[in-house]
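Asks: My structure is below; once you've seen it, I'll send some questions.
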Amino acid sequence: MRNSFNVALAALFLSVLAVAANADAGPLDSPGAHKAMVCSACHGFGGNPPSKTVPTLAGMDQVYFKQTITAYAEGKRQSPEMEPYAKYVLEFGVDEIAAYFAAQKKTASAKPKVAPK
Ligand code: HEC
């Protein structure tokens, strides 16, 4: 009895996965999106940071992104914050993560604030 329940549960789970896989592609569906989640703690969602002390990654050129990540990982550009994350990016797929950030739009909050007139 218990086994057939588990089989039914597994079948249900698989059908949910199948439906999810067929849904239209959304902003979180690119392979880099999930890998980039960890970056949002500092760089903001989609690479638009909440403060100007952390650089914007949204819309960043992919070649520049890869060069910078490599420089951090090798210690040529020094940042105690970025070095471990640069190594993470190189390990988990710099191309996918670069493509994800290049495809994000910069939002108004990422621009310098201008005092209202
Ligand atoms: C703990 C906070 C933190 C996290 C998490 C973090 N970063 Fe950073 N990142 C920084 C800071 C601070 C800088 C600026 C460092 C400097 O002075 O070079 C930076 C700089 C960068 C730069 C260089 C930007 C430029 O304009 O040259 C890139 C690219 C970058 N981060 C990518 C990432 C990616 C991709 C992730 C996720 C895997 C990530 N970061 C996670 C804090 C963080």
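Quick note on naming: the chains in the structure tokens go A, B, ... in the order shown, residues restart at 1 in each chain, and ligands are numbered from 1 in order of appearance.
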Check which residues fall inside 10 Å of ligand 1 when counting only C-alpha atoms and all ligand atoms, and print them as a PyMOL selection string.

Replies: chain A and resi 32+35-44+47+49+52-58+60-62+64-72+77-90+92-94+97-98+100-101

Asks: Could those residues be written to a file, using N, CA and C atoms, as a short mmCIF file (atom, residue, chain, number, x, y, z; two decimals), in the first residue's frame?

Replies:
data_model
loop_
_atom_site.label_atom_id
_atom_site.label_comp_id
_atom_site.auth_asym_id
_atom_site.auth_seq_id
_atom_site.Cartn_x
_atom_site.Cartn_y
_atom_site.Cartn_z
N GLY A 32 22.16 30.50 -16.27
CA GLY A 32 22.98 31.31 -15.39
C GLY A 32 22.20 31.93 -14.23
N LYS A 35 22.59 30.18 -10.87
CA LYS A 35 23.96 30.28 -10.38
C LYS A 35 24.26 31.70 -9.91
N ALA A 36 23.53 32.66 -10.43
CA ALA A 36 23.78 34.06 -10.09
C ALA A 36 23.01 34.50 -8.85
N MET A 37 22.16 33.64 -8.31
CA MET A 37 21.37 34.00 -7.12
C MET A 37 22.26 34.46 -5.97
N VAL A 38 23.37 33.75 -5.79
CA VAL A 38 24.27 34.04 -4.67
C VAL A 38 24.86 35.46 -4.78
N CYS A 39 24.98 35.96 -6.00
CA CYS A 39 25.56 37.28 -6.21
C CYS A 39 24.59 38.38 -5.76
N SER A 40 23.29 38.07 -5.76
CA SER A 40 22.30 39.11 -5.50
C SER A 40 22.37 39.62 -4.06
N ALA A 41 22.99 38.86 -3.16
CA ALA A 41 23.14 39.32 -1.78
C ALA A 41 23.85 40.67 -1.74
N CYS A 42 24.83 40.87 -2.60
CA CYS A 42 25.57 42.14 -2.65
C CYS A 42 25.23 42.95 -3.89
N HIS A 43 25.11 42.29 -5.05
CA HIS A 43 24.93 43.02 -6.31
C HIS A 43 23.47 43.28 -6.64
N GLY A 44 22.55 42.83 -5.78
CA GLY A 44 21.13 43.07 -6.03
C GLY A 44 20.55 42.08 -7.02
N GLY A 47 21.55 41.94 -10.78
CA GLY A 47 22.77 42.74 -10.90
C GLY A 47 22.56 44.24 -10.73
N PRO A 49 22.40 46.69 -7.84
CA PRO A 49 22.61 46.77 -6.39
C PRO A 49 21.80 47.90 -5.74
N LYS A 52 25.38 52.31 -3.99
CA LYS A 52 26.44 52.59 -4.97
C LYS A 52 27.78 52.03 -4.55
N THR A 53 27.86 51.39 -3.38
CA THR A 53 29.15 50.87 -2.93
C THR A 53 29.50 49.54 -3.61
N VAL A 54 28.52 48.92 -4.24
CA VAL A 54 28.76 47.65 -4.96
C VAL A 54 28.44 47.90 -6.43
N PRO A 55 29.34 47.45 -7.35
CA PRO A 55 29.11 47.77 -8.77
C PRO A 55 27.88 47.07 -9.37
N THR A 56 27.29 47.74 -10.35
CA THR A 56 26.17 47.19 -11.12
C THR A 56 26.68 46.12 -12.08
N LEU A 57 26.01 44.98 -12.13
CA LEU A 57 26.40 43.93 -13.08
C LEU A 57 25.42 43.85 -14.26
N ALA A 58 24.22 44.43 -14.10
CA ALA A 58 23.21 44.37 -15.16
C ALA A 58 23.76 45.02 -16.43
N MET A 60 26.34 44.19 -18.14
CA MET A 60 27.80 44.22 -18.26
C MET A 60 28.30 43.42 -19.47
N ASP A 61 29.27 43.99 -20.16
CA ASP A 61 29.88 43.33 -21.32
C ASP A 61 30.46 41.98 -20.90
N GLN A 62 30.18 40.94 -21.68
CA GLN A 62 30.58 39.58 -21.28
C GLN A 62 32.09 39.38 -21.28
N TYR A 64 34.37 41.75 -20.72
CA TYR A 64 34.87 42.43 -19.52
C TYR A 64 34.58 41.59 -18.28
N PHE A 65 33.37 41.05 -18.20
CA PHE A 65 32.96 40.23 -17.05
C PHE A 65 33.94 39.07 -16.85
N LYS A 66 34.24 38.34 -17.92
CA LYS A 66 35.13 37.18 -17.81
C LYS A 66 36.54 37.58 -17.41
N GLN A 67 37.04 38.68 -18.00
CA GLN A 67 38.39 39.14 -17.66
C GLN A 67 38.46 39.53 -16.19
N THR A 68 37.43 40.23 -15.74
CA THR A 68 37.42 40.71 -14.35
C THR A 68 37.34 39.55 -13.36
N ILE A 69 36.46 38.59 -13.66
CA ILE A 69 36.31 37.43 -12.78
C ILE A 69 37.63 36.65 -12.69
N THR A 70 38.28 36.48 -13.84
CA THR A 70 39.56 35.76 -13.85
C THR A 70 40.61 36.52 -13.03
N ALA A 71 40.62 37.85 -13.17
CA ALA A 71 41.59 38.67 -12.43
C ALA A 71 41.37 38.55 -10.92
N TYR A 72 40.11 38.57 -10.48
CA TYR A 72 39.82 38.40 -9.05
C TYR A 72 40.28 37.02 -8.58
N ARG A 77 43.39 41.34 -9.57
CA ARG A 77 42.56 42.44 -9.06
C ARG A 77 42.14 42.00 -7.66
N GLN A 78 42.54 42.78 -6.67
CA GLN A 78 42.34 42.30 -5.31
C GLN A 78 41.05 42.78 -4.70
N SER A 79 40.29 41.83 -4.18
CA SER A 79 39.08 42.13 -3.43
C SER A 79 38.77 40.93 -2.56
N PRO A 80 38.87 41.12 -1.23
CA PRO A 80 38.57 39.99 -0.35
C PRO A 80 37.12 39.54 -0.49
N GLU A 81 36.21 40.48 -0.87
CA GLU A 81 34.82 40.08 -1.04
C GLU A 81 34.66 39.21 -2.29
N MET A 82 35.29 39.63 -3.39
CA MET A 82 35.04 38.98 -4.67
C MET A 82 35.87 37.72 -4.94
N GLU A 83 37.02 37.59 -4.33
CA GLU A 83 37.88 36.44 -4.70
C GLU A 83 37.17 35.09 -4.59
N PRO A 84 36.50 34.79 -3.44
CA PRO A 84 35.83 33.48 -3.37
C PRO A 84 34.71 33.34 -4.39
N TYR A 85 33.99 34.45 -4.67
CA TYR A 85 32.88 34.36 -5.62
C TYR A 85 33.41 34.22 -7.04
N ALA A 86 34.55 34.84 -7.33
CA ALA A 86 35.15 34.69 -8.66
C ALA A 86 35.53 33.23 -8.91
N LYS A 87 36.06 32.59 -7.88
CA LYS A 87 36.42 31.18 -8.02
C LYS A 87 35.16 30.33 -8.20
N TYR A 88 34.11 30.70 -7.49
CA TYR A 88 32.82 30.01 -7.65
C TYR A 88 32.33 30.13 -9.09
N VAL A 89 32.41 31.36 -9.65
CA VAL A 89 31.93 31.59 -11.01
C VAL A 89 32.73 30.75 -12.01
N LEU A 90 34.06 30.71 -11.86
CA LEU A 90 34.89 29.94 -12.78
C LEU A 90 34.55 28.45 -12.67
N PHE A 92 31.59 27.11 -11.70
CA PHE A 92 30.23 26.73 -12.07
C PHE A 92 29.78 27.23 -13.44
N GLY A 93 30.61 27.96 -14.16
CA GLY A 93 30.23 28.33 -15.52
C GLY A 93 30.23 29.82 -15.76
N VAL A 94 31.41 30.36 -16.08
CA VAL A 94 31.54 31.81 -16.28
C VAL A 94 30.73 32.26 -17.50
N ILE A 97 26.96 32.60 -16.51
CA ILE A 97 26.73 33.70 -15.57
C ILE A 97 26.97 35.04 -16.26
N ALA A 98 27.99 35.11 -17.12
CA ALA A 98 28.25 36.34 -17.90
C ALA A 98 27.05 36.65 -18.80
N TYR A 100 23.97 35.73 -18.38
CA TYR A 100 22.82 36.13 -17.56
C TYR A 100 22.88 37.62 -17.24
N PHE A 101 24.03 38.09 -16.74
CA PHE A 101 24.11 39.50 -16.34
C PHE A 101 24.07 40.42 -17.55
#

Asks: Could you pull out the helix (DSSP H, G or I) residues of region 30-92 of chain A from DSSP and send them as a PyMOL selection string?

Replies: chain A and resi 31-35+37-43+45-47+62-74+82-92

Asks: Rounded to one decimal, what separation in Å do you get between CA of Ala73 (chain A) and CA of Ala33 (chain A)?

Replies: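 Straight-line distance from CA of Ala73 (chain A) to CA of Ala33 (chain A) works out to 20.8 Å.
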